[in-house]
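File shown: data.cif (mmCIF, C-alpha atoms and all ligand atoms).
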data_final
loop_
_atom_site.group_PDB
_atom_site.id
_atom_site.type_symbol
_atom_site.label_atom_id
_atom_site.label_comp_id
_atom_site.auth_asym_id
_atom_site.auth_seq_id
_atom_site.Cartn_x
_atom_site.Cartn_y
_atom_site.Cartn_z
ATOM 1 C CA HIS P 19 20.154 -13.104 49.522
ATOM 2 C CA PRO P 20 16.834 -13.432 51.342
ATOM 3 C CA SER P 21 14.645 -11.755 48.722
ATOM 4 C CA GLU P 22 15.880 -14.004 45.916
ATOM 5 C CA ARG P 23 13.781 -16.968 44.902
ATOM 6 C CA ILE P 24 15.038 -20.483 45.607
ATOM 7 C CA LEU P 25 13.051 -22.122 42.836
ATOM 8 C CA PRO P 26 13.514 -20.874 39.295
ATOM 9 C CA GLU P 27 10.346 -19.406 37.798
ATOM 10 C CA LYS P 28 9.104 -21.703 35.073
ATOM 11 C CA PRO P 29 8.121 -20.152 31.752
ATOM 12 C CA ALA P 30 4.501 -20.926 30.905
ATOM 13 C CA SER P 31 5.542 -23.080 27.951
ATOM 14 C CA ASP P 32 7.675 -25.226 30.259
ATOM 15 C CA ARG P 33 4.833 -26.248 32.529
ATOM 16 C CA PRO P 34 4.067 -29.959 32.646
ATOM 17 C CA VAL P 35 1.438 -31.073 30.180
ATOM 18 C CA LYS P 36 0.193 -34.000 32.258
ATOM 19 C CA ASP P 37 -3.327 -33.984 33.594
ATOM 20 C CA LYS P 38 -3.178 -31.745 36.659
ATOM 21 C CA SER P 39 -6.831 -32.079 37.581
ATOM 22 C CA GLY P 40 -6.113 -34.780 40.158
ATOM 23 C CA PRO P 41 -3.841 -34.756 43.206
ATOM 24 C CA LEU P 42 -0.062 -34.682 42.682
ATOM 25 C CA VAL P 43 0.474 -37.436 45.245
ATOM 26 C CA GLU P 44 -2.165 -39.967 46.227
ATOM 27 C CA LEU P 45 -2.046 -42.873 48.654
ATOM 28 C CA ALA P 46 -5.063 -45.194 48.596
ATOM 29 C CA HIS P 47 -5.622 -48.052 51.049
ATOM 30 C CA VAL P 48 -1.889 -48.420 51.642
ATOM 31 C CA GLU P 49 -0.879 -51.271 53.971
ATOM 32 C CA LYS P 50 2.609 -52.083 55.213
ATOM 33 C CA HIS P 51 3.986 -54.680 57.634
ATOM 34 C CA PHE P 52 7.463 -55.211 59.005
ATOM 35 C CA GLY P 53 7.174 -58.921 59.785
ATOM 36 C CA SER P 54 4.299 -59.205 62.239
ATOM 37 C CA LEU P 55 4.300 -55.445 62.939
ATOM 38 C CA HIS P 56 1.482 -53.649 61.116
ATOM 39 C CA VAL P 57 2.993 -50.176 60.523
ATOM 40 C CA LEU P 58 0.684 -48.587 57.929
ATOM 41 C CA LYS P 59 -3.055 -49.278 58.202
ATOM 42 C CA ASP P 60 -5.368 -48.232 55.378
ATOM 43 C CA ILE P 61 -3.518 -44.989 54.639
ATOM 44 C CA ASN P 62 -5.555 -42.675 52.380
ATOM 45 C CA LEU P 63 -4.042 -39.321 51.543
ATOM 46 C CA GLN P 64 -4.078 -36.792 48.724
ATOM 47 C CA VAL P 65 -1.652 -33.917 48.253
ATOM 48 C CA ASP P 66 -2.396 -31.305 45.608
ATOM 49 C CA THR P 67 0.167 -29.419 43.541
ATOM 50 C CA GLY P 68 1.548 -26.569 45.631
ATOM 51 C CA GLU P 69 0.117 -27.942 48.861
ATOM 52 C CA VAL P 70 2.180 -28.093 52.043
ATOM 53 C CA LEU P 71 1.185 -31.053 54.185
ATOM 54 C CA VAL P 72 2.635 -31.396 57.677
ATOM 55 C CA VAL P 73 2.567 -34.860 59.277
ATOM 56 C CA VAL P 74 2.698 -35.093 63.059
ATOM 57 C CA GLY P 75 2.242 -37.868 65.577
ATOM 58 C CA PRO P 76 3.965 -39.820 68.331
ATOM 59 C CA SER P 77 7.229 -41.647 67.739
ATOM 60 C CA GLY P 78 6.687 -45.042 66.115
ATOM 61 C CA SER P 79 3.373 -44.098 64.500
ATOM 62 C CA GLY P 80 4.637 -44.769 60.957
ATOM 63 C CA LYS P 81 5.423 -41.231 59.735
ATOM 64 C CA SER P 82 8.884 -42.069 58.388
ATOM 65 C CA THR P 83 7.692 -45.322 56.856
ATOM 66 C CA MET P 84 4.891 -43.491 55.044
ATOM 67 C CA CYS P 85 7.381 -40.962 53.623
ATOM 68 C CA ARG P 86 9.745 -43.726 52.564
ATOM 69 C CA THR P 87 6.992 -45.561 50.684
ATOM 70 C CA ILE P 88 6.375 -42.425 48.580
ATOM 71 C CA ASN P 89 9.784 -42.693 46.914
ATOM 72 C CA ARG P 90 9.886 -46.482 47.214
ATOM 73 C CA LEU P 91 12.629 -46.669 49.792
ATOM 74 C CA GLU P 92 10.056 -49.059 51.309
ATOM 75 C CA SER P 93 7.712 -51.323 49.381
ATOM 76 C CA ILE P 94 4.032 -51.583 50.291
ATOM 77 C CA ASP P 95 2.004 -54.764 50.873
ATOM 78 C CA SER P 96 -1.204 -53.540 49.251
ATOM 79 C CA GLY P 97 -2.988 -50.410 48.134
ATOM 80 C CA VAL P 98 -1.592 -47.948 45.616
ATOM 81 C CA ILE P 99 0.540 -44.812 45.556
ATOM 82 C CA ARG P 100 0.190 -42.535 42.533
ATOM 83 C CA ILE P 101 2.133 -39.476 41.399
ATOM 84 C CA GLU P 102 0.231 -37.376 38.865
ATOM 85 C CA GLY P 103 -2.132 -40.296 38.504
ATOM 86 C CA GLU P 104 0.576 -42.838 37.630
ATOM 87 C CA PRO P 105 1.040 -45.770 40.010
ATOM 88 C CA LEU P 106 4.568 -45.982 41.394
ATOM 89 C CA PRO P 107 6.858 -48.424 39.584
ATOM 90 C CA GLN P 108 8.082 -51.412 41.591
ATOM 91 C CA GLU P 109 11.559 -51.640 40.106
ATOM 92 C CA GLY P 110 13.904 -50.905 37.217
ATOM 93 C CA ARG P 111 14.707 -47.739 35.318
ATOM 94 C CA ASP P 112 11.368 -46.168 36.153
ATOM 95 C CA LEU P 113 12.327 -46.291 39.802
ATOM 96 C CA ALA P 114 15.346 -44.036 39.217
ATOM 97 C CA ARG P 115 13.104 -41.616 37.347
ATOM 98 C CA LEU P 116 10.586 -41.671 40.173
ATOM 99 C CA ARG P 117 13.276 -40.996 42.792
ATOM 100 C CA ALA P 118 14.343 -37.997 40.700
ATOM 101 C CA GLU P 119 10.796 -36.628 40.897
ATOM 102 C CA VAL P 120 10.521 -37.047 44.662
ATOM 103 C CA GLY P 121 13.130 -35.116 46.637
ATOM 104 C CA MET P 122 13.813 -36.258 50.174
ATOM 105 C CA VAL P 123 15.601 -34.673 53.118
ATOM 106 C CA PHE P 124 16.191 -36.808 56.211
ATOM 107 C CA GLN P 125 16.846 -36.134 59.860
ATOM 108 C CA SER P 126 20.478 -37.220 59.675
ATOM 109 C CA PHE P 127 22.576 -35.245 57.230
ATOM 110 C CA ASN P 128 22.955 -37.723 54.421
ATOM 111 C CA LEU P 129 25.560 -35.992 52.303
ATOM 112 C CA PHE P 130 28.314 -38.160 50.839
ATOM 113 C CA ALA P 131 31.107 -37.667 53.400
ATOM 114 C CA ASN P 132 33.966 -38.262 50.959
ATOM 115 C CA LYS P 133 32.778 -35.791 48.329
ATOM 116 C CA THR P 134 32.874 -31.995 48.289
ATOM 117 C CA ILE P 135 29.675 -30.003 48.628
ATOM 118 C CA LEU P 136 29.787 -29.212 44.901
ATOM 119 C CA GLU P 137 30.292 -32.900 44.025
ATOM 120 C CA ASN P 138 27.390 -33.815 46.304
ATOM 121 C CA MET P 139 25.249 -31.363 44.363
ATOM 122 C CA THR P 140 26.205 -32.450 40.837
ATOM 123 C CA LEU P 141 26.408 -36.245 41.175
ATOM 124 C CA ALA P 142 22.753 -37.105 40.592
ATOM 125 C CA PRO P 143 21.994 -34.414 37.976
ATOM 126 C CA ILE P 144 24.952 -35.720 35.896
ATOM 127 C CA LYS P 145 24.243 -39.432 36.433
ATOM 128 C CA VAL P 146 20.451 -39.577 36.470
ATOM 129 C CA ARG P 147 19.474 -36.459 34.515
ATOM 130 C CA HIS P 148 22.475 -36.720 32.122
ATOM 131 C CA MET P 149 23.172 -33.027 32.610
ATOM 132 C CA PRO P 150 26.491 -31.746 31.202
ATOM 133 C CA LYS P 151 28.989 -31.204 34.047
ATOM 134 C CA LYS P 152 29.235 -27.461 33.469
ATOM 135 C CA ASP P 153 25.449 -27.041 33.524
ATOM 136 C CA ALA P 154 25.178 -29.164 36.668
ATOM 137 C CA GLU P 155 27.834 -27.044 38.373
ATOM 138 C CA ASP P 156 26.147 -23.790 37.334
ATOM 139 C CA LEU P 157 22.824 -25.041 38.689
ATOM 140 C CA ALA P 158 24.538 -26.257 41.876
ATOM 141 C CA MET P 159 26.214 -22.918 42.552
ATOM 142 C CA ASP P 160 22.981 -21.094 41.871
ATOM 143 C CA LEU P 161 21.050 -23.274 44.329
ATOM 144 C CA LEU P 162 23.798 -23.126 46.962
ATOM 145 C CA ALA P 163 23.708 -19.338 46.721
ATOM 146 C CA ARG P 164 19.955 -19.305 47.166
ATOM 147 C CA VAL P 165 20.161 -21.318 50.387
ATOM 148 C CA GLY P 166 23.121 -19.192 51.526
ATOM 149 C CA VAL P 167 26.019 -21.682 51.444
ATOM 150 C CA GLU P 168 27.778 -20.939 48.144
ATOM 151 C CA SER P 169 31.033 -20.087 49.941
ATOM 152 C CA GLN P 170 31.203 -23.686 51.194
ATOM 153 C CA ALA P 171 31.115 -25.332 47.751
ATOM 154 C CA SER P 172 34.655 -26.701 47.747
ATOM 155 C CA LYS P 173 34.562 -27.946 51.357
ATOM 156 C CA MET P 174 33.841 -31.432 52.655
ATOM 157 C CA PRO P 175 30.528 -31.990 54.490
ATOM 158 C CA SER P 176 32.241 -32.485 57.872
ATOM 159 C CA GLN P 177 33.610 -28.920 57.639
ATOM 160 C CA LEU P 178 30.053 -27.486 57.634
ATOM 161 C CA SER P 179 27.689 -26.939 60.544
ATOM 162 C CA GLY P 180 24.620 -29.145 60.795
ATOM 163 C CA GLY P 181 22.397 -26.310 59.627
ATOM 164 C CA GLN P 182 24.613 -25.674 56.615
ATOM 165 C CA GLN P 183 24.671 -29.396 55.768
ATOM 166 C CA GLN P 184 20.900 -29.584 55.923
ATOM 167 C CA ARG P 185 20.574 -26.543 53.634
ATOM 168 C CA VAL P 186 22.937 -28.289 51.192
ATOM 169 C CA ALA P 187 20.771 -31.426 51.441
ATOM 170 C CA ILE P 188 17.724 -29.348 50.477
ATOM 171 C CA ALA P 189 19.590 -27.675 47.596
ATOM 172 C CA ARG P 190 20.849 -31.070 46.422
ATOM 173 C CA ALA P 191 17.319 -32.444 46.304
ATOM 174 C CA LEU P 192 16.121 -29.328 44.439
ATOM 175 C CA ALA P 193 18.861 -29.774 41.824
ATOM 176 C CA MET P 194 16.889 -32.768 40.517
ATOM 177 C CA GLN P 195 13.887 -30.493 39.938
ATOM 178 C CA PRO P 196 11.546 -32.712 41.935
ATOM 179 C CA LYS P 197 7.757 -32.462 41.731
ATOM 180 C CA VAL P 198 7.394 -32.952 45.465
ATOM 181 C CA MET P 199 9.756 -32.613 48.412
ATOM 182 C CA LEU P 200 9.578 -34.935 51.413
ATOM 183 C CA PHE P 201 11.094 -33.750 54.675
ATOM 184 C CA ASP P 202 11.451 -36.265 57.506
ATOM 185 C CA GLU P 203 12.214 -34.352 60.712
ATOM 186 C CA PRO P 204 14.880 -32.277 58.966
ATOM 187 C CA THR P 205 15.631 -30.182 62.049
ATOM 188 C CA SER P 206 15.471 -32.848 64.785
ATOM 189 C CA ALA P 207 19.207 -33.519 64.822
ATOM 190 C CA LEU P 208 20.221 -29.852 64.728
ATOM 191 C CA ASP P 209 21.511 -27.713 67.548
ATOM 192 C CA PRO P 210 18.679 -25.334 68.508
ATOM 193 C CA GLU P 211 20.374 -22.234 67.126
ATOM 194 C CA MET P 212 20.440 -23.818 63.659
ATOM 195 C CA VAL P 213 16.827 -24.888 63.429
ATOM 196 C CA ASN P 214 15.525 -21.591 62.083
ATOM 197 C CA GLU P 215 17.999 -21.267 59.221
ATOM 198 C CA VAL P 216 16.637 -24.574 57.860
ATOM 199 C CA LEU P 217 12.981 -23.786 58.593
ATOM 200 C CA ASP P 218 13.402 -20.410 56.843
ATOM 201 C CA VAL P 219 14.493 -22.184 53.653
ATOM 202 C CA MET P 220 11.491 -24.543 53.938
ATOM 203 C CA ILE P 221 9.094 -21.641 54.496
ATOM 204 C CA GLN P 222 10.478 -19.847 51.447
ATOM 205 C CA LEU P 223 10.085 -22.991 49.337
ATOM 206 C CA ALA P 224 6.500 -23.314 50.522
ATOM 207 C CA GLN P 225 5.798 -19.693 49.592
ATOM 208 C CA GLU P 226 7.268 -20.286 46.130
ATOM 209 C CA GLY P 227 4.720 -23.009 45.497
ATOM 210 C CA MET P 228 6.713 -26.194 46.107
ATOM 211 C CA THR P 229 4.597 -29.229 46.919
ATOM 212 C CA MET P 230 5.863 -30.468 50.282
ATOM 213 C CA ILE P 231 5.198 -33.287 52.730
ATOM 214 C CA CYS P 232 6.923 -32.486 56.016
ATOM 215 C CA VAL P 233 7.203 -34.676 59.092
ATOM 216 C CA THR P 234 8.149 -32.295 61.880
ATOM 217 C CA HIS P 235 7.672 -31.459 65.536
ATOM 218 C CA GLU P 236 8.164 -27.761 64.781
ATOM 219 C CA MET P 237 4.637 -26.581 65.481
ATOM 220 C CA GLY P 238 5.419 -22.924 64.733
ATOM 221 C CA PHE P 239 6.465 -23.966 61.248
ATOM 222 C CA ALA P 240 3.367 -26.135 60.926
ATOM 223 C CA ARG P 241 1.042 -23.268 61.827
ATOM 224 C CA GLN P 242 2.824 -20.863 59.514
ATOM 225 C CA ALA P 243 3.474 -23.011 56.449
ATOM 226 C CA ALA P 244 1.008 -25.910 56.415
ATOM 227 C CA ASP P 245 -2.123 -25.996 54.310
ATOM 228 C CA HIS P 246 -3.164 -29.169 56.115
ATOM 229 C CA ILE P 247 -2.017 -31.174 59.106
ATOM 230 C CA VAL P 248 -2.212 -34.946 59.237
ATOM 231 C CA PHE P 249 -2.119 -36.614 62.638
ATOM 232 C CA MET P 250 -0.899 -40.226 62.708
ATOM 233 C CA ALA P 251 -0.967 -42.711 65.575
ATOM 234 C CA ASP P 252 -0.394 -46.487 65.560
ATOM 235 C CA GLY P 253 -0.058 -46.610 61.773
ATOM 236 C CA ARG P 254 -3.317 -44.812 61.048
ATOM 237 C CA ILE P 255 -4.226 -41.318 59.918
ATOM 238 C CA LEU P 256 -6.598 -40.186 62.657
ATOM 239 C CA GLU P 257 -7.115 -36.589 61.545
ATOM 240 C CA LYS P 258 -6.579 -34.280 58.577
ATOM 241 C CA ASP P 259 -7.332 -30.661 59.377
ATOM 242 C CA ASP P 260 -6.511 -27.073 58.640
ATOM 243 C CA PRO P 261 -3.706 -26.018 61.019
ATOM 244 C CA ASP P 262 -5.807 -23.682 63.147
ATOM 245 C CA ASP P 263 -8.549 -26.296 63.539
ATOM 246 C CA PHE P 264 -6.022 -28.967 64.433
ATOM 247 C CA PHE P 265 -4.199 -26.920 67.051
ATOM 248 C CA ASP P 266 -7.264 -25.231 68.540
ATOM 249 C CA HIS P 267 -9.854 -28.019 68.239
ATOM 250 C CA PRO P 268 -8.323 -31.458 67.706
ATOM 251 C CA GLN P 269 -11.073 -33.953 66.932
ATOM 252 C CA THR P 270 -9.626 -36.982 68.705
ATOM 253 C CA GLN P 271 -8.448 -37.559 72.259
ATOM 254 C CA ARG P 272 -5.200 -39.013 70.868
ATOM 255 C CA ALA P 273 -4.415 -35.750 69.086
ATOM 256 C CA ALA P 274 -5.393 -33.662 72.113
ATOM 257 C CA ASP P 275 -3.093 -35.762 74.315
ATOM 258 C CA PHE P 276 -0.275 -35.460 71.767
ATOM 259 C CA LEU P 277 -0.655 -31.682 71.558
ATOM 260 C CA SER P 278 -0.779 -31.282 75.338
ATOM 261 C CA LYS P 279 2.621 -33.001 75.551
ATOM 262 C CA ILE P 280 4.437 -31.023 72.885
ATOM 263 C CA LEU P 281 2.951 -27.513 73.069
HETATM 264 P P1 LIG H 1 7.793 -42.667 63.129
HETATM 265 O O1 LIG H 1 8.564 -42.071 62.014
HETATM 266 O O2 LIG H 1 6.391 -42.153 63.242
HETATM 267 O O3 LIG H 1 8.517 -42.555 64.451
HETATM 268 P P2 LIG H 1 8.441 -45.189 61.858
HETATM 269 O O4 LIG H 1 7.805 -45.178 60.533
HETATM 270 O O5 LIG H 1 9.906 -44.907 61.935
HETATM 271 O O6 LIG H 1 7.632 -44.228 62.842
HETATM 272 O O7 LIG H 1 8.232 -46.611 62.524
HETATM 273 C C1 LIG H 1 6.955 -47.225 62.638
HETATM 274 C C2 LIG H 1 7.143 -48.575 63.292
HETATM 275 O O8 LIG H 1 7.850 -49.439 62.392
HETATM 276 C C3 LIG H 1 7.957 -48.539 64.567
HETATM 277 O O9 LIG H 1 7.422 -49.503 65.456
HETATM 278 C C4 LIG H 1 9.340 -48.937 64.098
HETATM 279 O O10 LIG H 1 10.050 -49.546 65.148
HETATM 280 C C5 LIG H 1 9.029 -49.930 63.003
HETATM 281 N N1 LIG H 1 10.042 -49.970 61.942
HETATM 282 C C6 LIG H 1 10.477 -48.929 61.199
HETATM 283 N N2 LIG H 1 11.357 -49.320 60.267
HETATM 284 C C7 LIG H 1 11.505 -50.667 60.428
HETATM 285 C C8 LIG H 1 12.295 -51.676 59.781
HETATM 286 N N3 LIG H 1 13.085 -51.374 58.748
HETATM 287 N N4 LIG H 1 12.164 -52.945 60.223
HETATM 288 C C9 LIG H 1 11.342 -53.257 61.249
HETATM 289 N N5 LIG H 1 10.580 -52.374 61.902
HETATM 290 C C10 LIG H 1 10.658 -51.083 61.509
HETATM 291 MG MG MG H 2 10.360 -40.998 62.021
#
Starting from the file, give its structure as structure tokens.
Amino acid sequence: HPSERILPEKPASDRPVKDKSGPLVELAHVEKHFGSLHVLKDINLQVDTGEVLVVVGPSGSGKSTMCRTINRLESIDSGVIRIEGEPLPQEGRDLARLRAEVGMVFQSFNLFANKTILENMTLAPIKVRHMPKKDAEDLAMDLLARVGVESQASKMPSQLSGGQQQRVAIARALAMQPKVMLFDEPTSALDPEMVNEVLDVMIQLAQEGMTMICVTHEMGFARQAADHIVFMADGRILEKDDPDDFFDHPQTQRAADFLSKIL
């Protein structure tokens, strides 16, 4: 149902008590190499609670690597990444907790192929959050309904369209009640007619106050949903702007060239 919220409204007493005066996500002087390839160069970035940040830039500029460092799918060589002021853990139990706080949706549909949609949804809440099975299933069905795929719950992923699978992937990430959602080109592998059903879910999440970092080439989405746009090239952040400023008056020649190719 389109008018229904995706995210549950939190009662005031349930709001986090941590210090919220700083940014939710912060990268400071982050450096990353793959062998001799220098992929992230002095990355400095802050994302506030409720902010929607869209990351754009040419292929190979380090957008995916930057996203993957934020939930430690990639390590960093130096610098620091903080969530609510706490530096990311390097390993161990804290890493599982961190991954639960950072939801991620990838370009390729990364559902478990040999599990039903419902099982895909409940696996992590039961294992990582220690949620009772019944509660996890209730939450799963609720979230599936909100992204419009509840009728698919008992099917296998391969029986769903790409757009449906990507909406399940979003719902699955939300089931962990993450503080921030990372989207890495979530619509790039979709047939064109399915792009909007996924973008609509992302726009609704943005409107409901979810903190989001989105790598995307969907410039209509960026203009509509982004609070800020970051432009990356060759491992560096070259610009951070309001969407209208970025699209209408890019500050660098690199960004102007990039925009002239994709718009
Ligand atoms: P983008 O998402 O902007 O296209 P990526 O972060 O995927 O860029 O890649 C940045 C650079 O790092 C590219 O040159 C890519 O080939 C390289 N790269 C990415 N992942 C790896 C890896 N696991 N090992 C070696 N090189 C990698
Ligand atoms: Mg990428």
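For the structure shown here, the set of residues caught by the PyMOL selection byres (((chain P and resi 231-233) around 8) and not hetatm) is Val70, Leu71, Val72, Val73, Val74, Lys81, Ser82, Val198, Met199, Leu200, Phe201, Asp202, Glu203, Thr229, Met230, Thr234 and His235 of chain P.
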Step by step, work through what the PyMOL selection byres (((chain P and resi 108) around 12) and not hetatm) selects in the shown file, and finish by giving those residues as an MDAnalysis selection string. chainID P and resid 87:95 98:100 105:107 109:117
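Ranking P:Leu162, P:Gly75, P:Ala191, P:Arg185 by their shortest atom-to-atom distance to P:Met237, with only C-alpha atoms included, puts P:Gly75 first.
The two atoms in question, atom CA of P:Thr140 and atom CA of P:Gly166, are spaced 17.3 Å apart.
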Computed gap from atom CA of P:Gln271 to atom CA of P:Ile61 is 19.7 Å
Distance filter 8 Å around ligand LIG 1 (chain H), atoms: only C-alpha atoms and all ligand atoms, out as a PyMOL selection string: chain P and resi 52-53+55-58+74-84+202+250-253
Need the shell around P:Pro26: protein/DNA/RNA residues with any atom at most 10 Å away, counting only C-alpha atoms. Skip same-chain ones fewer than 4 positions apart. Format as a PDB file with C-alpha atoms, in the frame of the given file?
ATOM      1  CA  GLU P  22      15.880 -14.004  45.916  1.00  0.00           C
ATOM      2  CA  ASP P 160      22.981 -21.094  41.871  1.00  0.00           C
ATOM      3  CA  LEU P 161      21.050 -23.274  44.329  1.00  0.00           C
ATOM      4  CA  GLN P 195      13.887 -30.493  39.938  1.00  0.00           C
ATOM      5  CA  GLU P 226       7.268 -20.286  46.130  1.00  0.00           C
TER       6      GLU P 226
END
For P:Ala163, please output as a PDB file with C-alpha atoms, keeping the file's coordinate frame all residues within 10 Å (counting all atoms listed in the file; exclusion window: fewer than 6 positions along the same chain).
ATOM      1  CA  HIS P  19      20.154 -13.104  49.522  1.00  0.00           C
ATOM      2  CA  GLU P  22      15.880 -14.004  45.916  1.00  0.00           C
ATOM      3  CA  ILE P  24      15.038 -20.483  45.607  1.00  0.00           C
ATOM      4  CA  LEU P 157      22.824 -25.041  38.689  1.00  0.00           C
ATOM      5  CA  SER P 169      31.033 -20.087  49.941  1.00  0.00           C
ATOM      6  CA  GLN P 170      31.203 -23.686  51.194  1.00  0.00           C
ATOM      7  CA  ALA P 171      31.115 -25.332  47.751  1.00  0.00           C
ATOM      8  CA  ALA P 189      19.590 -27.675  47.596  1.00  0.00           C
TER       9      ALA P 189
END
If you count all atoms listed in the file, which residues fall within 9 Å of P:Met220, apart from same-chain ones fewer than 6 positions away, as an NGL selection string? :P and (188 or 230 or 239 or 243)
Excluding stretch 259-270 of chain P and any residue of its chain fewer than 3 positions from it, enumerate the residues within 8 Å of it, using all atoms listed in the file, and give them as a list in words. Ala240, Arg241, Ala244, Asp245, His246, Ile247, Val248, Leu256, Ala273, Ala274 and Leu277 of chain P
Quick one: write out the picked residues with C-alpha atoms as a tab-separated table (two decimals), in the frame of the given file?
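Resulting contents of out.tsv:
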chain	number	residue	atom	x	y	z
P	240	ALA	CA	3.37	-26.14	60.93
P	241	ARG	CA	1.04	-23.27	61.83
P	244	ALA	CA	1.01	-25.91	56.42
P	245	ASP	CA	-2.12	-26.00	54.31
P	246	HIS	CA	-3.16	-29.17	56.12
P	247	ILE	CA	-2.02	-31.17	59.11
P	248	VAL	CA	-2.21	-34.95	59.24
P	256	LEU	CA	-6.60	-40.19	62.66
P	273	ALA	CA	-4.42	-35.75	69.09
P	274	ALA	CA	-5.39	-33.66	72.11
P	277	LEU	CA	-0.66	-31.68	71.56
Give me, as a CSV table (one decimal) with C-alpha atoms, in the frame of the given file, all polymer residues having an atom no more than 12 Å from P:Ala207, counting all atoms listed in the file and skipping those fewer than 2 positions away in the same chain.
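Result file is part.csv:
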chain,number,residue,atom,x,y,z
P,124,PHE,CA,16.2,-36.8,56.2
P,125,GLN,CA,16.8,-36.1,59.9
P,126,SER,CA,20.5,-37.2,59.7
P,127,PHE,CA,22.6,-35.2,57.2
P,128,ASN,CA,23.0,-37.7,54.4
P,179,SER,CA,27.7,-26.9,60.5
P,180,GLY,CA,24.6,-29.1,60.8
P,181,GLY,CA,22.4,-26.3,59.6
P,183,GLN,CA,24.7,-29.4,55.8
P,184,GLN,CA,20.9,-29.6,55.9
P,202,ASP,CA,11.5,-36.3,57.5
P,203,GLU,CA,12.2,-34.4,60.7
P,204,PRO,CA,14.9,-32.3,59.0
P,205,THR,CA,15.6,-30.2,62.0
P,209,ASP,CA,21.5,-27.7,67.5
P,210,PRO,CA,18.7,-25.3,68.5
P,211,GLU,CA,20.4,-22.2,67.1
P,212,MET,CA,20.4,-23.8,63.7
P,213,VAL,CA,16.8,-24.9,63.4
P,216,VAL,CA,16.6,-24.6,57.9
P,234,THR,CA,8.1,-32.3,61.9
P,235,HIS,CA,7.7,-31.5,65.5
What would the list of residues within 6 Å of (-3.9, -48.6, 52.0) (file frame) look like as a tab-separated table (two decimals) with C-alpha atoms, in the frame of the given file, if all atoms listed in the file are what count?
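Final file, point_17.tsv:
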chain	number	residue	atom	x	y	z
P	46	ALA	CA	-5.06	-45.19	48.60
P	47	HIS	CA	-5.62	-48.05	51.05
P	48	VAL	CA	-1.89	-48.42	51.64
P	49	GLU	CA	-0.88	-51.27	53.97
P	60	ASP	CA	-5.37	-48.23	55.38
P	61	ILE	CA	-3.52	-44.99	54.64
P	97	GLY	CA	-2.99	-50.41	48.13
Using only C-alpha atoms, give me every residue within 9 Å of (5.6, -22.7, 45.2) in file coordinates, as a VMD selection string. chain P and resid 25 67 to 69 222 to 229
Axis-aligned box for stretch 78-82 of chain P, 5 Å per side, centre and edges in Å as JSON:
{"center_x": 6.1, "center_y": -43.1, "center_z": 62.3, "size_x": 15.5, "size_y": 13.8, "size_z": 17.7}
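Put simply, atom CA of P:Met139 is 15.3 Å away from atom CA of P:Ser176.
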Expected selection from the PyMOL selection byres (((chain P and resi 147) around 10) and not hetatm), given as a PyMOL selection string: chain P and resi 114-115+118+141-146+148-150+154+193-195
